[in-house]
file my_file.cif (mmCIF, C-alpha atoms and all ligand atoms)
data_start
loop_
_atom_site.label_atom_id
_atom_site.label_comp_id
_atom_site.auth_asym_id
_atom_site.auth_seq_id
_atom_site.Cartn_x
_atom_site.Cartn_y
_atom_site.Cartn_z
CA MET A 1 -8.71 15.15 -4.26
CA LYS A 2 -5.79 15.37 -1.87
CA SER A 3 -2.70 17.39 -2.74
CA ALA A 4 0.59 15.69 -3.53
CA GLN A 5 1.93 16.90 -0.19
CA GLU A 6 -0.97 15.38 1.74
CA LEU A 7 -0.59 12.07 -0.11
CA LYS A 8 3.13 12.13 0.56
CA VAL A 9 2.51 12.42 4.30
CA ILE A 10 0.10 9.47 4.19
CA ALA A 11 2.50 7.42 2.04
CA GLU A 12 5.24 7.99 4.60
CA LYS A 13 3.03 6.32 7.18
CA HIS A 14 3.18 3.19 5.05
CA SER A 15 6.88 3.38 4.39
CA HIS A 16 7.32 -0.18 5.65
CA LEU A 17 5.76 -1.19 2.33
CA ILE A 18 8.10 0.93 0.28
CA ARG A 19 11.00 -1.07 -1.04
CA ASN A 20 13.71 -0.45 -3.59
CA GLY A 21 12.42 -0.13 -7.11
CA LEU A 22 8.92 1.09 -6.32
CA ASN A 23 9.25 3.85 -8.83
CA LYS A 24 5.69 4.98 -8.75
CA LEU A 25 5.54 5.24 -4.99
CA SER A 26 8.96 6.85 -4.97
CA SER A 27 7.70 9.42 -7.46
CA LEU A 28 4.82 10.10 -5.13
CA ARG A 29 7.24 10.65 -2.29
CA TYR A 30 8.99 13.25 -4.38
CA GLY A 31 5.67 15.01 -4.78
CA ILE A 32 4.67 14.13 -8.35
CA PRO A 33 0.84 14.06 -8.31
CA GLY A 34 -0.86 11.13 -9.98
CA ALA A 35 2.32 9.04 -9.96
CA LEU A 36 0.66 6.29 -7.94
CA GLY A 37 -2.36 4.51 -9.32
CA ASN A 38 -4.75 5.61 -12.03
CA LEU A 39 -8.26 6.98 -12.33
CA ARG A 40 -9.85 3.71 -11.21
CA TRP A 41 -7.35 2.70 -8.55
CA THR A 42 -6.45 6.17 -7.35
CA ALA A 43 -3.55 6.89 -5.02
CA GLU A 44 -6.08 7.51 -2.26
CA LEU A 45 -7.79 4.14 -2.80
CA ILE A 46 -4.43 2.35 -2.78
CA LEU A 47 -3.26 4.10 0.38
CA ALA A 48 -6.66 3.56 2.00
CA THR A 49 -6.38 -0.17 1.21
CA TYR A 50 -2.92 -0.26 2.83
CA GLU A 51 -4.39 1.43 5.88
CA GLN A 52 -7.30 -1.02 6.15
CA ALA A 53 -4.90 -3.94 5.76
CA SER A 54 -2.89 -2.55 8.67
CA THR A 55 -5.77 -1.74 11.01
CA GLY A 56 -8.74 -3.94 10.06
CA LYS A 57 -10.97 -0.86 10.19
CA PRO A 58 -12.27 1.79 7.79
CA PRO A 59 -9.60 4.47 7.24
CA THR A 60 -9.43 7.31 9.70
CA SER A 61 -6.89 9.36 7.74
CA ASN A 62 -9.53 11.19 5.71
CA LEU A 63 -8.69 9.29 2.54
CA GLU A 64 -11.39 8.72 -0.09
CA TYR A 65 -11.77 4.95 0.32
CA ARG A 66 -15.16 4.38 -1.32
CA ILE A 67 -14.81 5.51 -4.93
CA GLY A 68 -12.20 6.22 -7.59
CA ARG A 69 -12.16 9.02 -10.14
CA SER A 70 -13.02 7.13 -13.33
CA GLY A 71 -16.06 9.33 -13.87
CA GLY A 72 -18.36 6.40 -14.65
CA GLY A 73 -19.78 3.09 -13.43
CA PHE A 74 -19.44 2.42 -9.72
CA ASP A 75 -17.76 5.80 -9.27
CA ARG A 76 -20.97 7.60 -10.25
CA LEU A 77 -23.36 5.37 -8.33
CA ARG A 78 -24.40 6.38 -4.83
CA PHE A 79 -26.64 4.83 -2.20
CA LYS A 80 -29.74 6.70 -1.13
CA PHE A 81 -28.85 7.36 2.45
CA SER A 82 -27.72 10.44 4.24
CA GLU A 83 -24.16 10.44 5.56
CA LYS A 84 -25.67 11.42 8.90
CA THR A 85 -27.45 8.05 9.14
CA LEU A 86 -24.24 6.08 8.56
CA PRO A 87 -23.30 4.47 11.90
CA THR A 88 -19.73 4.74 13.12
CA PRO A 89 -17.75 1.47 13.17
CA ASP A 90 -18.45 1.22 16.91
CA GLU A 91 -22.19 1.67 16.35
CA VAL A 92 -22.45 -1.06 13.71
CA ASP A 93 -25.02 -3.76 14.41
CA LYS A 94 -23.01 -6.97 14.29
CA SER A 95 -26.16 -9.07 13.93
CA ILE A 96 -26.63 -7.82 10.35
CA ASP A 97 -26.24 -10.94 8.24
CA LEU A 98 -23.66 -10.82 5.45
CA SER A 99 -23.70 -14.52 4.58
CA ILE A 100 -24.65 -15.91 1.19
CA PRO A 101 -25.26 -19.49 0.04
CA LEU A 102 -23.19 -20.71 -2.90
CA ASN A 103 -25.54 -23.59 -3.76
CA LYS A 104 -29.13 -22.53 -4.33
CA GLN A 105 -30.15 -25.76 -6.04
CA LYS A 106 -32.46 -28.09 -4.15
CA ASN A 107 -29.87 -30.86 -3.95
CA GLY A 108 -26.20 -31.15 -3.18
CA ARG A 109 -23.70 -29.85 -0.74
CA ARG A 110 -24.64 -26.70 1.21
CA ILE A 111 -21.86 -24.12 1.32
CA THR A 112 -22.47 -20.73 2.90
CA ILE A 113 -19.81 -18.05 3.19
CA PRO A 114 -20.03 -15.50 6.03
CA ILE A 115 -19.30 -12.52 3.78
CA PRO A 116 -20.41 -12.06 0.17
CA ILE A 117 -16.82 -12.08 -1.10
CA TYR A 118 -14.12 -14.56 -2.03
CA GLY A 119 -10.74 -14.47 -3.74
CA GLY A 120 -10.47 -14.93 -7.49
CA GLY A 121 -8.21 -17.20 -9.50
CA MET A 122 -4.55 -16.21 -9.70
CA SER A 123 -2.38 -19.05 -10.87
CA PHE A 124 0.88 -20.48 -9.55
CA GLY A 125 3.26 -19.03 -12.08
CA SER A 126 1.46 -15.76 -12.40
CA ILE A 127 1.79 -15.22 -8.63
CA SER A 128 4.21 -16.53 -6.02
CA LEU A 129 3.48 -19.53 -3.85
CA ASN A 130 3.85 -17.37 -0.73
CA PHE A 131 1.10 -15.02 -1.93
CA MET A 132 -1.11 -18.01 -2.79
CA LEU A 133 -0.55 -19.33 0.71
CA ALA A 134 -1.36 -15.95 2.25
CA ARG A 135 -4.64 -15.86 0.33
CA ALA A 136 -5.55 -19.43 1.32
CA MET A 137 -4.73 -18.82 5.00
CA ALA A 138 -6.84 -15.68 4.96
CA ALA A 139 -9.73 -17.52 3.29
CA LYS A 140 -9.61 -20.18 6.01
CA THR A 141 -9.56 -17.58 8.79
CA ILE A 142 -12.52 -15.71 7.32
CA GLY A 143 -14.41 -18.86 6.29
CA THR A 144 -14.53 -17.96 2.63
CA PHE A 145 -12.59 -19.16 -0.45
CA THR A 146 -9.67 -18.47 -2.69
CA SER A 147 -9.06 -19.94 -6.15
CA THR A 148 -5.96 -21.65 -7.50
CA GLY A 149 -6.34 -20.11 -10.93
CA GLU A 150 -5.23 -22.29 -13.78
CA GLY A 151 -1.65 -23.21 -12.94
CA GLY A 152 -2.24 -26.34 -10.88
CA TYR A 153 -2.67 -27.00 -7.18
CA PRO A 154 0.62 -26.63 -5.27
CA PRO A 155 0.80 -29.22 -2.44
CA PRO A 156 1.37 -26.56 0.29
CA LEU A 157 -2.24 -25.45 -0.33
CA VAL A 158 -3.65 -28.86 0.65
CA PRO A 159 -3.98 -28.02 4.40
CA TYR A 160 -6.37 -25.24 3.32
CA LYS A 161 -8.28 -27.35 0.79
CA ASP A 162 -11.69 -26.76 2.35
CA HIS A 163 -11.27 -23.11 1.37
CA VAL A 164 -9.63 -23.54 -2.02
CA ILE A 165 -11.47 -23.56 -5.33
CA THR A 166 -9.58 -25.36 -8.05
CA GLN A 167 -9.78 -24.06 -11.57
CA VAL A 168 -10.02 -25.92 -14.86
CA ALA A 169 -9.09 -23.60 -17.69
CA THR A 170 -8.36 -23.92 -21.37
CA GLY A 171 -4.70 -24.91 -20.99
CA LEU A 172 -5.66 -27.69 -18.53
CA PHE A 173 -2.37 -26.91 -16.75
CA GLY A 174 -1.96 -29.03 -13.64
CA VAL A 175 -5.53 -30.40 -13.79
CA ARG A 176 -5.58 -33.71 -11.95
CA GLU A 177 -8.38 -35.91 -10.67
CA GLU A 178 -6.97 -35.85 -7.13
CA THR A 179 -7.09 -32.05 -6.93
CA ILE A 180 -10.62 -31.99 -8.33
CA GLN A 181 -11.50 -34.45 -5.58
CA TYR A 182 -9.99 -32.15 -2.91
CA ALA A 183 -12.07 -29.20 -3.98
CA PRO A 184 -15.41 -28.12 -2.50
CA ILE A 185 -15.85 -25.95 -5.61
CA VAL A 186 -14.47 -26.51 -9.10
CA GLU A 187 -14.36 -23.52 -11.40
CA PHE A 188 -14.32 -23.68 -15.18
CA LYS A 189 -12.70 -20.62 -16.66
CA TYR A 190 -13.99 -20.05 -20.16
CA ALA A 191 -12.77 -16.48 -20.36
CA GLN A 192 -11.39 -13.66 -18.28
CA GLY A 193 -12.90 -10.18 -18.38
CA ALA A 194 -9.52 -8.48 -18.59
CA LYS A 195 -8.67 -10.27 -21.84
CA PRO A 196 -11.62 -12.10 -23.39
CA GLY A 197 -10.81 -13.92 -26.59
CA LEU A 198 -7.08 -13.77 -25.91
CA GLY A 199 -6.55 -16.78 -23.65
CA GLY A 200 -3.55 -16.52 -21.34
CA HIS A 201 0.21 -16.16 -21.69
CA LEU A 202 2.77 -16.98 -19.06
CA LEU A 203 6.03 -15.55 -20.30
CA ALA A 204 9.09 -17.78 -20.35
CA ASP A 205 11.00 -16.07 -17.57
CA LYS A 206 8.24 -16.90 -15.08
CA VAL A 207 8.29 -20.61 -15.95
CA THR A 208 10.81 -21.73 -13.34
CA ALA A 209 11.45 -25.40 -12.62
CA GLU A 210 8.69 -25.47 -9.96
CA VAL A 211 6.16 -23.82 -12.26
CA ALA A 212 7.09 -26.08 -15.17
CA LYS A 213 6.73 -29.16 -12.99
CA MET A 214 3.30 -28.09 -11.77
CA ARG A 215 2.17 -27.30 -15.32
CA GLU A 216 3.80 -30.43 -16.80
CA SER A 217 5.82 -28.37 -19.21
CA SER A 218 9.43 -27.28 -19.87
CA THR A 219 11.35 -24.64 -17.95
CA PHE A 220 11.64 -21.13 -19.35
CA THR A 221 9.18 -21.78 -22.17
CA THR A 222 6.29 -19.37 -22.76
CA LEU A 223 3.02 -21.12 -22.00
CA TYR A 224 -0.23 -20.31 -23.79
CA SER A 225 -3.74 -21.02 -22.61
CA PRO A 226 -5.78 -21.12 -25.78
CA PHE A 227 -9.07 -19.38 -26.36
CA PRO A 228 -11.63 -20.91 -26.42
CA PHE A 229 -11.86 -24.33 -24.81
CA HIS A 230 -11.47 -26.43 -27.92
CA SER A 231 -13.79 -29.02 -26.42
CA VAL A 232 -16.68 -26.57 -25.98
CA TYR A 233 -18.60 -24.91 -28.79
CA SER A 234 -22.16 -25.26 -27.44
CA VAL A 235 -24.18 -25.47 -24.24
CA GLU A 236 -24.30 -29.25 -24.76
CA ASP A 237 -20.50 -29.39 -24.85
CA HIS A 238 -20.41 -27.28 -21.71
CA LYS A 239 -22.82 -29.68 -19.99
CA LYS A 240 -20.39 -32.53 -20.72
CA HIS A 241 -17.73 -30.53 -18.85
CA VAL A 242 -20.03 -30.04 -15.86
CA ASP A 243 -20.98 -33.74 -15.90
CA TRP A 244 -17.29 -34.70 -16.02
CA ILE A 245 -16.62 -32.77 -12.80
CA LYS A 246 -19.73 -34.18 -11.13
CA THR A 247 -18.51 -37.67 -11.99
CA VAL A 248 -15.02 -37.11 -10.60
CA ASN A 249 -16.29 -35.29 -7.50
CA PRO A 250 -20.04 -35.71 -6.98
CA THR A 251 -20.12 -33.35 -3.99
CA ALA A 252 -18.30 -30.42 -5.58
CA LEU A 253 -20.16 -27.28 -6.56
CA VAL A 254 -19.47 -26.14 -10.10
CA SER A 255 -18.72 -22.52 -10.86
CA VAL A 256 -18.42 -21.22 -14.40
CA LYS A 257 -16.36 -18.11 -15.02
CA VAL A 258 -17.10 -16.19 -18.17
CA SER A 259 -16.38 -12.76 -19.51
CA THR A 260 -19.15 -10.25 -20.26
CA PRO A 261 -20.00 -10.26 -23.98
CA LYS A 262 -23.08 -8.37 -25.06
CA ASP A 263 -25.13 -11.60 -25.07
CA ILE A 264 -24.08 -12.39 -21.50
CA ASP A 265 -27.73 -13.12 -20.62
CA MET A 266 -27.79 -16.03 -23.10
CA VAL A 267 -24.44 -17.28 -21.84
CA ALA A 268 -25.71 -17.15 -18.24
CA ILE A 269 -28.89 -19.10 -18.90
CA GLY A 270 -26.88 -21.75 -20.76
CA ILE A 271 -24.54 -22.08 -17.78
CA TYR A 272 -27.52 -22.52 -15.48
CA TYR A 273 -29.24 -25.18 -17.60
CA ALA A 274 -25.99 -27.15 -17.88
CA GLY A 275 -26.21 -27.63 -14.11
CA ALA A 276 -23.72 -25.14 -12.70
CA HIS A 277 -24.26 -23.79 -9.20
CA ILE A 278 -22.42 -20.51 -9.66
CA ILE A 279 -22.35 -18.12 -12.61
CA HIS A 280 -19.22 -16.04 -12.22
CA MET A 281 -19.20 -13.01 -14.53
CA ASP A 282 -15.87 -11.28 -14.94
CA GLY A 283 -16.13 -7.79 -16.37
CA SER A 284 -13.43 -5.60 -17.79
CA TYR A 285 -10.96 -3.75 -15.51
CA GLY A 286 -9.88 -6.78 -13.46
CA GLY A 287 -6.71 -8.80 -13.98
CA THR A 288 -3.15 -8.12 -12.99
CA GLY A 289 -0.76 -5.81 -14.81
CA ALA A 290 0.01 -8.76 -17.11
CA ALA A 291 -3.30 -8.23 -18.96
CA PRO A 292 -2.90 -5.90 -21.97
CA GLU A 293 -4.36 -2.45 -21.26
CA ILE A 294 -6.02 -2.28 -24.68
CA ALA A 295 -7.90 -5.51 -23.92
CA LYS A 296 -8.83 -4.48 -20.38
CA LYS A 297 -10.45 -1.28 -21.55
CA ASN A 298 -12.02 -2.20 -24.85
CA ILE A 299 -13.38 -5.74 -25.09
CA ALA A 300 -15.60 -6.92 -22.24
CA MET A 301 -18.60 -5.06 -20.89
CA PRO A 302 -17.98 -3.28 -17.57
CA ILE A 303 -19.40 -5.44 -14.80
CA GLU A 304 -21.79 -2.67 -13.65
CA TYR A 305 -23.70 -3.06 -16.92
CA ALA A 306 -23.58 -6.86 -17.10
CA ILE A 307 -24.96 -7.56 -13.62
CA PRO A 308 -28.47 -6.07 -14.05
CA ILE A 309 -28.82 -7.57 -17.53
CA VAL A 310 -28.18 -11.09 -16.21
CA HIS A 311 -30.09 -10.61 -12.95
CA LYS A 312 -33.20 -9.43 -14.79
CA TYR A 313 -32.99 -12.13 -17.44
CA LEU A 314 -32.59 -14.97 -14.94
CA THR A 315 -35.49 -13.48 -12.96
CA SER A 316 -37.70 -13.30 -16.05
CA GLU A 317 -36.85 -16.94 -16.80
CA GLY A 318 -37.90 -17.90 -13.26
CA VAL A 319 -34.53 -19.36 -12.26
CA ARG A 320 -32.84 -16.49 -10.43
CA ASP A 321 -33.24 -18.12 -7.02
CA GLU A 322 -31.71 -21.40 -8.21
CA VAL A 323 -28.28 -20.10 -9.09
CA THR A 324 -25.68 -17.89 -7.41
CA LEU A 325 -24.52 -14.90 -9.40
CA ILE A 326 -21.00 -13.70 -8.63
CA ALA A 327 -19.45 -10.56 -10.08
CA SER A 328 -15.79 -9.64 -10.52
CA GLY A 329 -13.58 -7.44 -12.63
CA GLY A 330 -12.94 -4.07 -11.04
CA ILE A 331 -14.37 -4.57 -7.54
CA ARG A 332 -12.10 -2.32 -5.47
CA THR A 333 -13.96 -1.44 -2.28
CA ALA A 334 -16.70 -2.54 0.10
CA TYR A 335 -18.87 0.08 -1.60
CA ASP A 336 -18.28 -1.57 -4.98
CA VAL A 337 -19.36 -4.90 -3.44
CA ALA A 338 -22.56 -3.38 -2.06
CA LYS A 339 -23.33 -1.62 -5.36
CA ALA A 340 -22.77 -4.85 -7.33
CA ILE A 341 -25.21 -6.63 -5.04
CA ALA A 342 -27.77 -3.82 -5.31
CA LEU A 343 -27.48 -4.18 -9.10
CA GLY A 344 -28.38 -7.87 -8.84
CA ALA A 345 -25.33 -9.99 -7.92
CA ASP A 346 -25.30 -12.29 -4.89
CA GLY A 347 -21.67 -11.62 -4.15
CA CYS A 348 -18.29 -10.63 -5.53
CA VAL A 349 -14.86 -11.98 -6.26
CA ILE A 350 -11.77 -9.83 -5.70
CA GLY A 351 -8.12 -10.10 -6.65
CA THR A 352 -6.36 -6.77 -7.06
CA ALA A 353 -7.60 -5.51 -3.68
CA GLU A 354 -5.95 -8.52 -1.99
CA SER A 355 -2.70 -7.77 -3.86
CA ILE A 356 -2.82 -4.16 -2.76
CA ALA A 357 -3.44 -5.28 0.82
CA VAL A 358 0.00 -6.92 0.79
CA GLY A 359 1.71 -3.92 -0.79
CA CYS A 360 1.06 -3.96 -4.57
CA THR A 361 1.69 -0.47 -5.95
CA HIS A 362 -0.21 -1.02 -9.20
CA CYS A 363 3.03 -0.52 -11.13
CA GLY A 364 1.98 -2.88 -13.94
CA ASN A 365 5.17 -5.00 -14.12
CA CYS A 366 3.38 -8.25 -13.31
CA GLU A 367 4.20 -10.19 -16.47
CA ARG A 368 7.98 -10.26 -15.94
CA GLY A 369 9.71 -12.94 -13.86
CA ARG A 370 11.55 -10.37 -11.74
CA GLY A 371 9.22 -7.45 -12.37
CA CYS A 372 7.37 -7.50 -9.07
CA GLN A 373 9.47 -6.01 -6.33
CA ILE A 374 6.85 -6.86 -3.70
CA GLY A 375 6.96 -10.63 -4.22
CA ILE A 376 3.38 -10.97 -5.43
CA THR A 377 3.49 -11.70 -9.16
CA THR A 378 6.88 -13.34 -9.26
CA THR A 379 8.20 -16.86 -9.27
CA ASP A 380 11.72 -15.75 -8.52
CA PRO A 381 12.75 -17.69 -5.39
CA GLU A 382 14.33 -14.65 -3.72
CA LEU A 383 11.69 -12.05 -4.59
CA SER A 384 8.97 -14.47 -3.45
CA LEU A 385 10.41 -14.29 0.08
CA PHE A 386 9.22 -10.69 0.38
CA ILE A 387 5.77 -12.05 1.19
CA ASP A 388 5.66 -13.84 4.49
CA PRO A 389 2.46 -15.92 4.20
CA LYS A 390 1.32 -15.32 7.79
CA TRP A 391 1.92 -11.58 7.52
CA GLY A 392 0.15 -11.45 4.14
CA ALA A 393 -2.78 -13.49 5.44
CA GLN A 394 -3.25 -11.12 8.36
CA ARG A 395 -3.27 -8.10 6.05
CA ILE A 396 -5.90 -9.72 3.81
CA VAL A 397 -7.99 -10.71 6.86
CA ASN A 398 -7.75 -7.12 8.08
CA LEU A 399 -9.00 -5.83 4.73
CA TYR A 400 -11.95 -8.24 4.81
CA ASN A 401 -12.70 -7.18 8.40
CA SER A 402 -12.76 -3.52 7.40
CA TRP A 403 -15.08 -4.30 4.47
CA THR A 404 -17.32 -6.31 6.81
CA ILE A 405 -17.74 -3.22 9.00
CA GLN A 406 -18.47 -1.05 5.95
CA LEU A 407 -21.01 -3.46 4.46
CA ARG A 408 -22.87 -3.48 7.78
CA GLN A 409 -22.68 0.32 7.95
CA ILE A 410 -24.31 0.53 4.51
CA LEU A 411 -27.04 -1.99 5.31
CA GLN A 412 -27.77 -0.34 8.65
CA ALA A 413 -28.07 3.07 7.00
CA LEU A 414 -30.45 1.55 4.43
CA GLY A 415 -32.54 -0.14 7.15
CA LEU A 416 -31.77 -3.68 5.95
CA ASP A 417 -31.04 -6.72 8.15
CA SER A 418 -29.29 -8.88 5.61
CA ILE A 419 -27.09 -8.57 2.54
CA LYS A 420 -29.56 -10.85 0.77
CA GLU A 421 -32.20 -8.12 1.13
CA LEU A 422 -29.99 -5.77 -0.87
CA ARG A 423 -29.85 -7.97 -3.98
CA GLY A 424 -31.36 -6.26 -7.00
CA ARG A 425 -32.44 -3.16 -5.03
CA THR A 426 -31.53 -0.67 -7.74
CA ASP A 427 -34.16 1.60 -6.18
CA LEU A 428 -31.66 2.20 -3.37
CA LEU A 429 -29.08 3.57 -5.81
CA TYR A 430 -28.92 6.75 -7.83
CA TYR A 431 -26.63 7.80 -10.64
CA LEU A 432 -24.81 11.13 -10.49
CA LYS A 433 -25.51 13.08 -13.65
S1 LIG B 501 1.64 -7.23 -8.37
FE1 LIG B 501 2.11 -6.32 -10.39
S2 LIG B 501 1.29 -4.21 -10.20
FE2 LIG B 501 1.50 -5.03 -8.11
S3 LIG B 501 3.54 -4.37 -7.39
FE3 LIG B 501 3.77 -6.45 -8.29
S4 LIG B 501 4.34 -6.06 -10.43
FE4 LIG B 501 3.50 -4.13 -9.63
#

call {"tool": "encode", "arguments": {"input": "my_file.cif", "output": "structure tokens", "more": "lines below"}}
Ligand code: SF4
result
Amino acid sequence: MKSAQELKVIAEKHSHLIRNGLNKLSSLRYGIPGALGNLRWTAELILATYEQASTGKPPTSNLEYRIGRSGGGFDRLRFKFSEKTLPTPDEVDKSIDLSIPLNKQKNGRRITIPIPIYGGGMSFGSISLNFMLARAMAAKTIGTFTSTGEGGYPPPLVPYKDHVITQVATGLFGVREETIQYAPIVEFKYAQGAKPGLGGHLLADKVTAEVAKMRESSTFTTLYSPFPFHSVYSVEDHKKHVDWIKTVNPTALVSVKVSTPKDIDMVAIGIYYAGAHIIHMDGSYGGTGAAPEIAKKNIAMPIEYAIPIVHKYLTSEGVRDEVTLIASGGIRTAYDVAKAIALGADGCVIGTAESIAVGCTHCGNCERGRGCQIGITTTDPELSLFIDPKWGAQRIVNLYNSWTIQLRQILQALGLDSIKELRGRTDLLYYLK
């Protein structure tokens, strides 16, 4: 671990991201160790993410950018290759294929993304429109996707619609037939790994006139997304949901986002048989600072445990190659992505890493209307201006580019030609005892 003084020097390099009110980062600057981040998102990981978002390359400032210090899960998993065999960024073989298909069924629209990663749902209301735009612009540049989350589909996103997933969640906020028809992928959100069983709350001071209009509600009124979907209590009910989307938009792929209960294998097979193309499992540790800490840490199964359970069960049922398995909830680095895939996922969804790319300090004030001094999780018209969409998009693209280099480095060191060859290769991992 780096000393407070070393971290302070690195933080100074990113001082353009330091604005008034960033207490945690300010504390770091005054040399208080541990003031930035936590054991999962350590100060080094946060600073390394800033650096990658600035340069588009793996960090060169000797920061630990691959693992955190949680002492478990991804942080104790390692790949079986020697550091000496890891190519430098300049030596990376660019022909190594990182693409994954999102529709593995025999019929329907073919969608392939060039990297095994896309952006997860963060709703208008929970985040600013400018940050949503930055994410959508980045998704278009990379050729991947971002998700609207559950707060409706703001019209400024329409120019990016080929790269925007629209979400249907329990509150049905802003769900309209026209936006379902725009979407190449429609995502049902049954639960979120950071707060399963709790639904969602958007506190009153974030419900500005624009947010209320989009959500067809009243200004400055707390909005609740119930748990569960009160129209779904069985796989048959769920199939009616999938059929509804296929009727409104016959070409859309259907993704189903669920949390990770201990019977996640049964949930996953039900999702598959209802006709979904993508099973999106969201483990604990994701979410913004608006998710209660006690829920994040104590309800859902960590994603590292859920992935192999579902991968093996779908394989034993003979359907693994007919559905795409996506993992989220605590994916912080390119190494986490590669480990999730080696455990059995096809790809990953990220959210917090994109926020950190544009300057999030992990301060945990996300739920308040004027709590985010960076302009990410705010709907305040003035604070939102802190994110210039083009600037934010470039930083997110740079982060993806750095992760692309790292994923190829890992595959090259393992002697693999494609990310698809890594799926389920737990034999290439070992667990530090
Ligand atoms: S997004 Fe949330 S955690 Fe990040 S800086 Fe804004 S308020 Fe803090």

call {"tool": "atom_distance", "arguments": {"input": "my_file.cif", "atom1": "atom CA of Gly68 of chain A", "atom2": "atom CA of Ile341 of chain A"}}
result
18.5 Å

call {"tool": "residues_near_ligand", "arguments": {"input": "my_file.cif", "ligand": "ligand LIG 501 (chain B)", "cutoff": "9 Å", "atoms": "all atoms listed in the file", "output": "PyMOL selection string"}}
result
chain A and resi 22+127+288-290+352+355-356+359-368+370-378

call {"tool": "closest_residue", "arguments": {"input": "my_file.cif", "among": "A:Pro302, A:Gly369, A:Pro101, A:Gly318", "to": "Gly73 of chain A", "atoms": "only C-alpha atoms"}}
result
A:Pro302

call {"tool": "residues_around", "arguments": {"input": "my_file.cif", "residues": "Ala393 of chain A", "least_positions_apart": "6", "cutoff": "9 Å", "atoms": "all atoms listed in the file", "output": "MDAnalysis selection string"}}
result
chainID A and resid 131 133:139 141 358

call {"tool": "atom_distance", "arguments": {"input": "my_file.cif", "atom1": "atom CA of Leu129 of chain A", "atom2": "atom CA of Val211 of chain A"}}
result
9.8 Å

call {"tool": "atom_distance", "arguments": {"input": "my_file.cif", "atom1": "atom CA of Val254 of chain A", "atom2": "atom CA of Phe188 of chain A"}}
result
7.6 Å

call {"tool": "closest_atom_pairs", "arguments": {"input": "my_file.cif", "of": "segment 29-119 of chain A", "to": "segment 411-416 of chain A", "cutoff": "9 Å", "atoms": "all atoms listed in the file", "output": "JSON lines"}}
result
{"residue": "A:Phe79", "atom": "CA", "partner": "A:Leu414", "partner_atom": "CA", "distance": 8.3}
{"residue": "A:Lys80", "atom": "CA", "partner": "A:Leu414", "partner_atom": "CA", "distance": 7.6}
{"residue": "A:Phe81", "atom": "CA", "partner": "A:Ala413", "partner_atom": "CA", "distance": 6.3}
{"residue": "A:Ser82", "atom": "CA", "partner": "A:Ala413", "partner_atom": "CA", "distance": 7.9}
{"residue": "A:Glu83", "atom": "CA", "partner": "A:Ala413", "partner_atom": "CA", "distance": 8.5}
{"residue": "A:Lys84", "atom": "CA", "partner": "A:Ala413", "partner_atom": "CA", "distance": 8.9}
{"residue": "A:Thr85", "atom": "CA", "partner": "A:Ala413", "partner_atom": "CA", "distance": 5.5}
{"residue": "A:Leu86", "atom": "CA", "partner": "A:Ala413", "partner_atom": "CA", "distance": 5.1}
{"residue": "A:Pro87", "atom": "CA", "partner": "A:Ala413", "partner_atom": "CA", "distance": 7.0}
{"residue": "A:Val92", "atom": "CA", "partner": "A:Gln412", "partner_atom": "CA", "distance": 7.4}
{"residue": "A:Asp93", "atom": "CA", "partner": "A:Gln412", "partner_atom": "CA", "distance": 7.2}
{"residue": "A:Ile96", "atom": "CA", "partner": "A:Leu411", "partner_atom": "CA", "distance": 7.7}

call {"tool": "closest_atom_pairs", "arguments": {"input": "my_file.cif", "of": "segment 223-327 of chain A", "to": "segment 159-178 of chain A", "cutoff": "12 Å", "atoms": "all atoms listed in the file", "output": "CSV"}}
result
residue,atom,partner,partner_atom,distance
A:Leu223,CA,A:Gly171,CA,8.7
A:Tyr224,CA,A:Gly171,CA,7.0
A:Ser225,CA,A:Gly171,CA,4.3
A:Pro226,CA,A:Thr170,CA,5.8
A:Phe227,CA,A:Thr170,CA,6.8
A:Pro228,CA,A:Thr170,CA,6.7
A:Phe229,CA,A:Thr170,CA,4.9
A:His230,CA,A:Thr170,CA,7.7
A:Ser231,CA,A:Thr170,CA,9.0
A:Val232,CA,A:Thr170,CA,9.9
A:His241,CA,A:Val168,CA,9.8
A:Val242,CA,A:Val168,CA,10.9
A:Trp244,CA,A:Glu177,CA,10.5
A:Ile245,CA,A:Glu177,CA,9.1
A:Lys246,CA,A:Glu177,CA,11.5
A:Thr247,CA,A:Glu177,CA,10.4
A:Val248,CA,A:Glu177,CA,6.7
A:Asn249,CA,A:Glu177,CA,8.5
A:Ala252,CA,A:Ile165,CA,9.7
A:Leu253,CA,A:Ile165,CA,9.5
A:Val254,CA,A:Ile165,CA,9.7
A:Ser255,CA,A:Gln167,CA,9.1
A:Val256,CA,A:Gln167,CA,9.5
A:Lys257,CA,A:Ala169,CA,9.5
A:Val258,CA,A:Ala169,CA,10.9

call {"tool": "closest_atom_pairs", "arguments": {"input": "my_file.cif", "of": "segment 54-124 of chain A", "to": "segment 325-333 of chain A", "cutoff": "8 Å", "atoms": "only C-alpha atoms", "output": "CSV"}}
result
residue,atom,partner,partner_atom,distance
A:Tyr65,CA,A:Thr333,CA,7.2
A:Arg66,CA,A:Thr333,CA,6.0
A:Ile67,CA,A:Thr333,CA,7.5

call {"tool": "closest_residue", "arguments": {"input": "my_file.cif", "among": "A:Ile269, A:Val158, A:Leu77, A:Leu202", "to": "Thr179 of chain A", "atoms": "all atoms listed in the file"}}
result
A:Val158

call {"tool": "axis_aligned_box", "arguments": {"input": "my_file.cif", "around": "segment 399-410 of chain A", "padding_each_side": "4 Å", "output": "AutoDock Vina command-line options"}}
result
--center_x -16.7 --center_y -3.9 --center_z 6.7 --size_x 23.3 --size_y 16.8 --size_z 12.5
